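Student: Here you go, this is structure-v7.cif (mmCIF, C-alpha atoms).
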data_start
loop_
_atom_site.label_atom_id
_atom_site.label_comp_id
_atom_site.auth_asym_id
_atom_site.auth_seq_id
_atom_site.Cartn_x
_atom_site.Cartn_y
_atom_site.Cartn_z
CA MET A 168 13.37 -14.39 -1.08
CA GLU A 169 11.29 -15.29 -4.13
CA TYR A 170 8.74 -12.87 -5.53
CA ALA A 171 6.34 -13.55 -8.40
CA SER A 172 3.62 -11.22 -9.63
CA ARG A 173 1.26 -10.62 -12.52
CA ALA A 174 -1.46 -8.23 -13.57
CA PRO A 175 -5.07 -9.46 -13.23
CA ARG A 176 -7.55 -9.97 -16.04
CA PRO A 177 -10.43 -7.54 -16.67
CA PRO A 178 -12.41 -6.25 -14.90
CA LEU A 179 -10.06 -6.68 -11.94
CA ASP A 180 -7.35 -4.73 -13.77
CA GLY A 181 -9.36 -1.57 -13.09
CA LEU A 182 -9.08 -2.20 -9.36
CA ILE A 183 -5.75 -3.98 -8.94
CA ASP A 184 -2.14 -3.21 -9.88
CA ASP A 185 -0.90 -6.76 -9.40
CA LEU A 186 -1.27 -10.04 -7.56
CA TYR A 187 1.89 -11.42 -5.98
CA CYS A 188 3.42 -14.39 -4.21
CA LEU A 189 6.20 -13.86 -1.65
CA ALA A 190 8.22 -16.62 0.00
CA GLY A 191 11.54 -17.00 1.75
CA THR A 192 13.75 -15.18 4.23
CA PRO A 193 13.02 -11.44 4.55
CA PRO A 194 15.98 -9.04 4.36
CA TYR A 195 15.20 -7.67 7.83
CA ALA A 196 13.01 -8.88 10.68
CA ARG A 197 11.15 -5.58 10.60
CA LEU A 198 10.46 -3.21 7.72
CA THR A 199 8.75 0.18 7.77
CA LEU A 200 6.36 0.95 4.93
CA PRO A 201 5.65 4.67 4.35
CA PRO A 202 2.14 5.60 3.21
CA ALA A 203 1.54 4.98 -0.49
CA PRO A 204 -1.45 5.52 -2.79
CA SER A 205 -2.51 1.88 -2.68
CA ALA A 206 -4.33 -0.69 -0.55
CA LEU A 207 -3.22 -4.19 0.33
CA LEU A 208 -4.65 -7.64 0.99
CA ILE A 209 -2.42 -10.43 2.28
CA VAL A 210 -3.35 -14.10 2.60
CA ASN A 211 -0.80 -15.60 4.97
CA LEU A 212 0.34 -19.20 4.46
CA GLY A 213 3.22 -19.29 6.94
CA ALA A 214 3.88 -18.29 10.52
CA PRO A 215 2.01 -15.21 11.82
CA PHE A 216 3.36 -11.74 11.05
CA ARG A 217 2.99 -8.53 13.04
CA ILE A 218 1.96 -5.01 12.11
CA ARG A 219 2.73 -2.01 14.29
CA ILE A 220 1.08 1.38 13.83
CA ASP A 221 2.09 4.07 16.30
CA LEU A 222 2.34 2.17 19.60
CA GLU A 223 -0.13 -0.60 18.80
CA THR A 224 1.06 -4.02 17.56
CA ALA A 225 -1.18 -6.85 16.36
CA GLU A 226 -0.46 -10.35 15.12
CA TYR A 227 -2.02 -11.78 11.95
CA ALA A 228 -2.22 -15.51 11.29
CA ASP A 229 -4.66 -15.76 8.36
CA GLY A 230 -3.66 -12.50 6.70
CA CYS A 231 -4.83 -8.90 6.72
CA VAL A 232 -6.52 -6.10 4.84
CA ILE A 233 -5.01 -2.60 4.78
CA THR A 234 -6.81 0.32 3.17
CA MET A 235 -4.75 3.29 1.97
CA PRO A 236 -2.72 4.36 5.03
CA THR A 237 -2.06 7.90 6.23
CA ARG A 238 1.01 7.03 8.30
CA ALA A 239 3.92 4.65 8.15
CA TYR A 240 3.49 1.19 9.62
CA GLU A 241 5.99 -1.43 10.65
CA PHE A 242 5.78 -4.96 9.26
CA GLY A 243 7.33 -7.70 11.42
CA TYR A 244 8.19 -10.85 9.47
CA PRO A 245 8.66 -14.38 10.79
CA PRO A 246 12.06 -15.97 9.97
CA GLU A 247 10.49 -17.63 6.92
CA THR A 248 7.53 -15.97 5.26
CA CYS A 249 5.01 -17.29 2.73
CA SER A 250 2.02 -15.35 1.47
CA VAL A 251 0.02 -14.30 -1.55
CA GLY A 252 -1.45 -10.85 -1.84
CA VAL A 253 -2.96 -8.07 -3.86
CA HIS A 254 -1.71 -4.54 -4.45
CA PHE A 255 -4.93 -2.60 -5.01
CA LYS A 256 -5.37 0.79 -6.54
CA PRO A 257 -6.52 3.28 -3.86
CA TRP A 258 -10.20 2.58 -4.59
CA GLY A 259 -9.74 -1.06 -5.49
CA LEU A 260 -10.57 -2.68 -2.15
CA ALA A 261 -14.01 -1.09 -1.89
CA PRO A 262 -15.92 -3.73 -3.93
CA PHE A 263 -14.58 -6.45 -1.60
CA LEU A 264 -15.33 -4.78 1.74
CA PRO A 265 -18.53 -5.11 3.78
CA MET A 266 -17.86 -1.77 5.47
CA PRO A 267 -16.79 1.77 4.41
CA ALA A 268 -13.04 1.99 3.82
CA ALA A 269 -12.80 4.90 6.28
CA GLU A 270 -13.60 2.49 9.14
CA LEU A 271 -10.35 0.65 8.39
CA CYS A 272 -8.12 3.69 7.83
CA ASP A 273 -4.84 2.99 9.71
CA ARG A 274 -6.59 0.00 11.35
CA PRO A 275 -5.49 -3.22 9.60
CA VAL A 276 -7.92 -6.09 10.15
CA THR A 277 -7.74 -9.83 9.59
CA ILE A 278 -9.27 -11.28 6.45
CA GLU A 279 -11.52 -13.31 8.73
CA GLN A 280 -13.08 -10.03 9.91
CA VAL A 281 -13.81 -9.10 6.30
CA TRP A 282 -14.71 -12.39 4.58
CA GLY A 283 -15.48 -14.66 7.52
CA ARG A 284 -13.62 -17.62 9.02
CA PRO A 285 -14.99 -20.44 6.82
CA ALA A 286 -14.21 -18.57 3.58
CA ILE A 287 -10.63 -17.66 4.43
CA ALA A 288 -9.94 -21.11 5.90
CA GLU A 289 -11.09 -22.75 2.67
CA LEU A 290 -9.06 -20.32 0.54
CA ARG A 291 -5.91 -20.88 2.57
CA ASP A 292 -6.34 -24.66 2.27
CA ARG A 293 -6.63 -24.42 -1.51
CA LEU A 294 -3.62 -22.11 -1.75
CA ALA A 295 -1.52 -24.36 0.49
CA THR A 296 -2.04 -27.34 -1.84
CA ALA A 297 -1.36 -25.40 -5.07
CA THR A 298 1.53 -26.61 -7.19
CA GLY A 299 3.32 -23.28 -7.44
CA PRO A 300 3.04 -19.47 -7.63
CA HIS A 301 1.17 -19.47 -10.96
CA GLU A 302 -1.62 -21.68 -9.63
CA MET A 303 -1.73 -19.78 -6.33
CA LEU A 304 -2.23 -16.46 -8.11
CA ALA A 305 -4.89 -17.98 -10.36
CA LEU A 306 -6.78 -19.27 -7.30
CA LEU A 307 -6.60 -15.87 -5.62
CA GLU A 308 -7.77 -14.13 -8.78
CA ASP A 309 -10.73 -16.52 -9.09
CA GLU A 310 -11.68 -15.77 -5.46
CA LEU A 311 -11.61 -12.04 -6.16
CA MET A 312 -13.70 -12.44 -9.30
CA ARG A 313 -16.27 -14.40 -7.31
CA ARG A 314 -16.44 -11.71 -4.63
CA LEU A 315 -16.53 -8.69 -6.94
CA THR A 316 -19.62 -6.53 -6.31
CA ASP A 317 -21.07 -3.34 -7.75
CA THR A 318 -20.13 -0.32 -5.67
CA ALA A 319 -21.98 3.00 -5.71
CA GLY A 320 -19.81 5.94 -6.70
CA LEU A 321 -16.89 3.82 -7.86
CA GLY A 322 -16.79 5.41 -11.33
CA LEU A 323 -16.61 8.91 -9.87
CA VAL A 324 -13.84 8.03 -7.43
CA ARG A 325 -11.88 6.04 -10.00
CA HIS A 326 -12.00 8.84 -12.59
CA THR A 327 -11.05 11.54 -10.11
CA SER A 328 -8.30 9.42 -8.56
CA SER A 329 -6.84 8.76 -12.00
CA ILE A 330 -6.52 12.50 -12.62
CA ILE A 331 -4.84 12.97 -9.26
CA ALA A 332 -2.39 10.17 -10.09
CA ALA A 333 -1.68 11.50 -13.59
CA THR A 334 -0.71 14.89 -12.14
CA SER A 335 1.26 13.36 -9.22
CA GLY A 336 -1.12 15.16 -6.88
CA ALA A 337 -0.58 18.60 -8.44
CA VAL A 338 -4.23 19.38 -9.13
CA ALA A 339 -6.81 21.63 -7.49
CA ILE A 340 -9.34 19.39 -5.74
CA GLY A 341 -12.06 22.02 -6.08
CA ALA A 342 -11.62 21.96 -9.85
CA LEU A 343 -12.04 18.19 -9.85
CA SER A 344 -15.39 18.32 -8.07
CA GLU A 345 -16.60 21.07 -10.42
CA ALA A 346 -15.54 19.06 -13.48
CA ALA A 347 -17.34 16.01 -12.10
CA GLY A 348 -20.50 18.02 -11.45
CA VAL A 349 -20.65 17.23 -7.74
CA SER A 350 -20.04 19.22 -4.58
CA SER A 351 -16.69 19.02 -2.82
CA THR A 352 -18.53 17.56 0.19
CA HIS A 353 -20.05 14.76 -1.88
CA LEU A 354 -16.69 13.99 -3.49
CA ALA A 355 -14.97 13.84 -0.10
CA GLN A 356 -17.70 11.55 1.27
CA ARG A 357 -17.38 9.14 -1.66
CA PHE A 358 -13.60 9.09 -1.29
CA LYS A 359 -13.75 8.35 2.42
CA ALA A 360 -16.25 5.56 1.81
CA LEU A 361 -14.29 3.90 -1.02
CA VAL A 362 -10.66 4.93 -0.46
CA GLY A 363 -10.68 5.74 3.23
CA VAL A 364 -9.26 9.25 2.87
CA THR A 365 -10.22 12.54 1.22
CA PRO A 366 -9.11 13.50 -2.31
CA LYS A 367 -6.75 16.07 -0.78
CA ARG A 368 -5.03 13.41 1.29
CA LEU A 369 -4.72 11.13 -1.74
CA ALA A 370 -3.15 13.98 -3.73
CA ARG A 371 -0.68 14.65 -0.93
CA THR A 372 0.33 10.98 -0.87
CA HIS A 373 0.75 10.84 -4.64
CA ARG A 374 2.98 13.92 -4.59
CA PHE A 375 5.22 12.53 -1.86
CA THR A 376 5.48 9.10 -3.50
CA ALA A 377 6.39 10.57 -6.89
CA THR A 378 9.01 12.77 -5.25
CA VAL A 379 10.64 9.88 -3.41
CA PHE A 380 10.76 7.72 -6.54
CA ALA A 381 12.49 10.60 -8.35
CA ILE A 382 15.45 10.41 -5.96
CA ASP A 383 18.63 9.01 -7.51
CA LEU A 384 20.25 6.99 -4.75
CA ALA A 385 23.52 6.74 -6.67
CA GLY A 386 24.20 10.43 -7.13
CA PRO A 387 24.25 13.77 -5.28
CA ILE A 388 20.87 15.30 -4.49
CA ASP A 389 19.84 18.94 -4.55
CA TRP A 390 17.02 18.80 -2.00
CA SER A 391 15.95 22.37 -2.64
CA ASP A 392 15.60 21.73 -6.38
CA LEU A 393 13.76 18.45 -5.77
CA ALA A 394 11.33 20.16 -3.40
CA GLY A 395 10.68 22.98 -5.85
CA ARG A 396 10.04 20.66 -8.80
CA ALA A 397 7.62 18.64 -6.68
CA GLY A 398 5.60 21.75 -5.90
CA TYR A 399 6.37 22.11 -2.19
CA PHE A 400 6.24 25.65 -0.80
CA ASP A 401 9.83 25.53 0.37
CA GLN A 402 12.42 23.12 1.72
CA ALA A 403 10.96 23.36 5.23
CA HIS A 404 7.58 22.19 3.93
CA PHE A 405 9.35 19.38 2.07
CA GLY A 406 11.21 18.32 5.20
CA HIS A 407 8.00 18.34 7.23
CA GLU A 408 6.34 16.02 4.70
CA PHE A 409 9.30 13.66 4.80
CA ARG A 410 9.11 13.37 8.56
CA ALA A 411 5.33 12.97 8.47
CA PHE A 412 5.48 10.16 5.91
CA THR A 413 8.63 8.31 6.94
CA GLY A 414 9.73 9.47 10.40
CA PHE A 415 13.03 10.59 8.88
CA THR A 416 14.53 13.81 7.59
CA PRO A 417 15.38 13.66 3.86
CA THR A 418 19.07 13.03 4.56
CA GLN A 419 18.28 10.33 7.14
CA TYR A 420 15.90 8.69 4.68
CA LEU A 421 18.61 8.69 2.02
CA GLU A 422 21.04 7.00 4.39
CA VAL A 423 18.52 4.27 5.22
CA ARG A 424 17.64 3.66 1.56
CA ARG A 425 21.32 3.42 0.64
CA ARG A 426 21.89 1.05 3.54
CA PHE A 427 19.22 -1.30 2.20
CA ARG A 428 20.76 -1.30 -1.26
CA ARG A 429 24.26 -1.76 0.11
CA GLU A 430 23.35 -4.65 2.40
CA HIS A 431 20.92 -6.36 -0.02
CA PRO A 432 21.82 -5.40 -3.62
CA GLY A 433 19.10 -6.25 -6.10
CA HIS A 434 16.65 -7.44 -3.44
CA THR A 435 13.04 -7.69 -4.56
CA LEU A 436 11.82 -5.50 -1.67
CA ASP A 437 14.29 -2.69 -2.34
CA GLY A 438 12.30 0.31 -3.48
CA TRP A 439 9.80 1.33 -0.82
CA PRO A 440 10.14 -0.54 2.51
CA LEU A 441 12.74 0.77 4.96
CA PRO A 442 14.76 -1.24 7.49
CA ALA A 443 13.32 -0.79 10.97
CA ASP A 444 16.10 -2.63 12.80
#
Show this structure as structure tokens.

Tutor:
Amino acid sequence: MEYASRAPRPPLDGLIDDLYCLAGTPPYARLTLPPAPSALLIVNLGAPFRIRIDLETAEYADGCVITMPTRAYEFGYPPETCSVGVHFKPWGLAPFLPMPAAELCDRPVTIEQVWGRPAIAELRDRLATATGPHEMLALLEDELMRRLTDTAGLGLVRHTSSIIAATSGAVAIGALSEAAGVSSTHLAQRFKALVGVTPKRLARTHRFTATVFAIDLAGPIDWSDLAGRAGYFDQAHFGHEFRAFTGFTPTQYLEVRRRFRREHPGHTLDGWPLPAD
């Protein structure tokens, strides 16, 4: 599988982590993606893919938009996949959505539902005739620049989210609203409108993500020490978060992560997705 990515130019760099192009044979037919502090847009150029959340499965032909999730979702790939996409910062999708982000929380929608059929059809046609990943990413970036709109409250949410990220979620949310000079209710409302979740939920996701990325897959792990350093009340609280975010206990999660690395060493998708087969 080939993966190419690059950071966007300003002002998109304040909304987006990277734009990417993915093509080839996926490592597994189905992958589980735990919740992460990010949003996602995918423009599909190959056969349809499927997304399953809880017991509901939907097929996406043109692509999809996913605001910051609160639960793991399963991604079902076709035998050969081809797509371009955007990894947004938690608030980054808001300027490109015609509706509050909370309406899409854990409800992926097609790009057609967001941008309309003629627009996505034209974009897919242009991407399909591009000469390679570099041109495809440039076309997608130009489309995003054209669609960028002013969004009320974005500065507040971006600043507060950045503090949450810098502390890996270990910050008092009440102190953030006081420092920003707004009520906790107003802050929560702005977050739900632009991110899709409350500041507290974003902090919880940041803490879990930072903890998982601190795991050394190659060596022994002291789960109690890891939980304590991450700020969890105790190991039981830590285990509960693991199950809530991944569906696995910490030791089960470790086995699955090691399986991925063992079966596909150096694969571009090794790092966050989990085999669902």

Student: What does the PyMOL selection byres ((chain A and resi 193) around 10) select in this file, as number ranges by chain?

Tutor: A: 168-169, 189-192, 194-198, 243-248, 434-436

Student: Give one line per residue of range 226-333 of chain A that approaches range 351-375 of chain A to at most 9 Å, naming the two atoms of the closest pair and their distance in Å to one decimal, counting all atoms listed in the file; sort by chain then ascending residue number and deliver it as JSON lines.

Tutor:
{"residue": "A:Thr234", "atom": "CA", "partner": "A:Gly363", "partner_atom": "CA", "distance": 6.7}
{"residue": "A:Met235", "atom": "CA", "partner": "A:Gly363", "partner_atom": "CA", "distance": 6.5}
{"residue": "A:Pro236", "atom": "CA", "partner": "A:Gly363", "partner_atom": "CA", "distance": 8.3}
{"residue": "A:Thr237", "atom": "CA", "partner": "A:Arg368", "partner_atom": "CA", "distance": 8.0}
{"residue": "A:Pro257", "atom": "CA", "partner": "A:Val362", "partner_atom": "CA", "distance": 5.6}
{"residue": "A:Trp258", "atom": "CA", "partner": "A:Val362", "partner_atom": "CA", "distance": 4.8}
{"residue": "A:Gly259", "atom": "CA", "partner": "A:Val362", "partner_atom": "CA", "distance": 7.9}
{"residue": "A:Leu260", "atom": "CA", "partner": "A:Leu361", "partner_atom": "CA", "distance": 7.6}
{"residue": "A:Ala261", "atom": "CA", "partner": "A:Leu361", "partner_atom": "CA", "distance": 5.1}
{"residue": "A:Pro262", "atom": "CA", "partner": "A:Leu361", "partner_atom": "CA", "distance": 8.3}
{"residue": "A:Met266", "atom": "CA", "partner": "A:Ala360", "partner_atom": "CA", "distance": 8.3}
{"residue": "A:Pro267", "atom": "CA", "partner": "A:Ala360", "partner_atom": "CA", "distance": 4.6}
{"residue": "A:Ala268", "atom": "CA", "partner": "A:Gly363", "partner_atom": "CA", "distance": 4.5}
{"residue": "A:Ala269", "atom": "CA", "partner": "A:Gly363", "partner_atom": "CA", "distance": 3.8}
{"residue": "A:Glu270", "atom": "CA", "partner": "A:Gly363", "partner_atom": "CA", "distance": 7.3}
{"residue": "A:Leu271", "atom": "CA", "partner": "A:Gly363", "partner_atom": "CA", "distance": 7.3}
{"residue": "A:Cys272", "atom": "CA", "partner": "A:Gly363", "partner_atom": "CA", "distance": 5.6}
{"residue": "A:Thr318", "atom": "CA", "partner": "A:Leu361", "partner_atom": "CA", "distance": 8.6}
{"residue": "A:Ala319", "atom": "CA", "partner": "A:Arg357", "partner_atom": "CA", "distance": 8.7}
{"residue": "A:Gly320", "atom": "CA", "partner": "A:Arg357", "partner_atom": "CA", "distance": 6.4}
{"residue": "A:Leu321", "atom": "CA", "partner": "A:Leu361", "partner_atom": "CA", "distance": 7.3}
{"residue": "A:Leu323", "atom": "CA", "partner": "A:Leu354", "partner_atom": "CA", "distance": 8.2}
{"residue": "A:Val324", "atom": "CA", "partner": "A:Phe358", "partner_atom": "CA", "distance": 6.2}
{"residue": "A:Thr327", "atom": "CA", "partner": "A:Pro366", "partner_atom": "CA", "distance": 8.3}
{"residue": "A:Ser328", "atom": "CA", "partner": "A:Pro366", "partner_atom": "CA", "distance": 7.5}
{"residue": "A:Ile331", "atom": "CA", "partner": "A:Ala370", "partner_atom": "CA", "distance": 5.9}
{"residue": "A:Ala332", "atom": "CA", "partner": "A:His373", "partner_atom": "CA", "distance": 6.3}

Student: Report as JSON, numbers by chain the full result of the PyMOL selection byres ((chain A and resi 199) around 10) when it is applied to this structure.

Tutor: {"A": [197, 198, 200, 201, 202, 218, 219, 220, 239, 240, 241, 242, 243, 413, 414, 439, 440, 441, 442, 443, 444]}

Student: Selection from above, C-alpha atoms, as a compact mmCIF listing (two decimals), in the frame of the given file, can you write it?

Tutor:
# COMPACT_ATOMS: atom_id res chain seq x y z
CA ARG A 197 11.15 -5.58 10.60
CA LEU A 198 10.46 -3.21 7.72
CA LEU A 200 6.36 0.95 4.93
CA PRO A 201 5.65 4.67 4.35
CA PRO A 202 2.14 5.60 3.21
CA ILE A 218 1.96 -5.01 12.11
CA ARG A 219 2.73 -2.01 14.29
CA ILE A 220 1.08 1.38 13.83
CA ALA A 239 3.92 4.65 8.15
CA TYR A 240 3.49 1.19 9.62
CA GLU A 241 5.99 -1.43 10.65
CA PHE A 242 5.78 -4.96 9.26
CA GLY A 243 7.33 -7.70 11.42
CA THR A 413 8.63 8.31 6.94
CA GLY A 414 9.73 9.47 10.40
CA TRP A 439 9.80 1.33 -0.82
CA PRO A 440 10.14 -0.54 2.51
CA LEU A 441 12.74 0.77 4.96
CA PRO A 442 14.76 -1.24 7.49
CA ALA A 443 13.32 -0.79 10.97
CA ASP A 444 16.10 -2.63 12.80

Student: Considering all atoms listed in the file, state which residue in the set A:Leu179, A:Val251, A:Leu264, A:Ala203 is at the smallest distance from Phe412 in chain A.

Tutor: A:Ala203

Student: In Å, rounded to a single decimal, give me how far CA of Thr296 in chain A is from CA of Glu279 in chain A.

Tutor: 20.0 Å

Student: Find the distance between CA of Leu306 in chain A and CA of Asp292 in chain A and write it in Å to one decimal.

Tutor: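 If I compute the distance from CA of Leu306 in chain A to CA of Asp292 in chain A, I get 11.0 Å.
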
Student: In file coordinates, which residues lie within 12 Å of (19.0, 21.7, 0.8) using all atoms listed in the file, given as a CSV table (one decimal) with C-alpha atoms, keeping the file's coordinate frame?

Tutor:
chain,number,residue,atom,x,y,z
A,387,PRO,CA,24.2,13.8,-5.3
A,388,ILE,CA,20.9,15.3,-4.5
A,389,ASP,CA,19.8,18.9,-4.6
A,390,TRP,CA,17.0,18.8,-2.0
A,391,SER,CA,16.0,22.4,-2.6
A,392,ASP,CA,15.6,21.7,-6.4
A,393,LEU,CA,13.8,18.4,-5.8
A,394,ALA,CA,11.3,20.2,-3.4
A,395,GLY,CA,10.7,23.0,-5.8
A,401,ASP,CA,9.8,25.5,0.4
A,402,GLN,CA,12.4,23.1,1.7
A,403,ALA,CA,11.0,23.4,5.2
A,404,HIS,CA,7.6,22.2,3.9
A,405,PHE,CA,9.4,19.4,2.1
A,406,GLY,CA,11.2,18.3,5.2
A,416,THR,CA,14.5,13.8,7.6
A,417,PRO,CA,15.4,13.7,3.9
A,418,THR,CA,19.1,13.0,4.6

Student: For Leu186 in chain A, which residue among A:Leu222, A:Asp309, A:Pro265, A:Pro285 is the nearest when counting all atoms listed in the file?

Tutor: A:Asp309

Student: What would the selection look like, as a ChimeraX atom specification, if the PyMOL selection byres ((chain A and resi 282) around 12) were run on the coordinates I just shared?

Tutor: /A:208,210,229-232,263-266,276-281,283-290,310-311,314

Student: Which distance in Å separates CA of Ile330 in chain A and CA of Pro204 in chain A, to one decimal?

Tutor: 13.1 Å

Student: Pick out the closest residue to Ala381 in chain A from this set: A:Phe400, A:Gly438, A:Ser172, A:Gly341. Count all atoms listed in the file.

Tutor: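 Closest candidate: A:Gly438.
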
Student: Assuming 4 Å of padding per side, give the centre and edge lengths of the axis-aligned box around every listed atom of range 224-236 of chain A, in Å to one decimal and as lines of an AutoDock Vina configuration file.

Tutor:
center_x = -2.9
center_y = -5.7
center_z = 9.8
size_x = 15.9
size_y = 28.1
size_z = 23.6
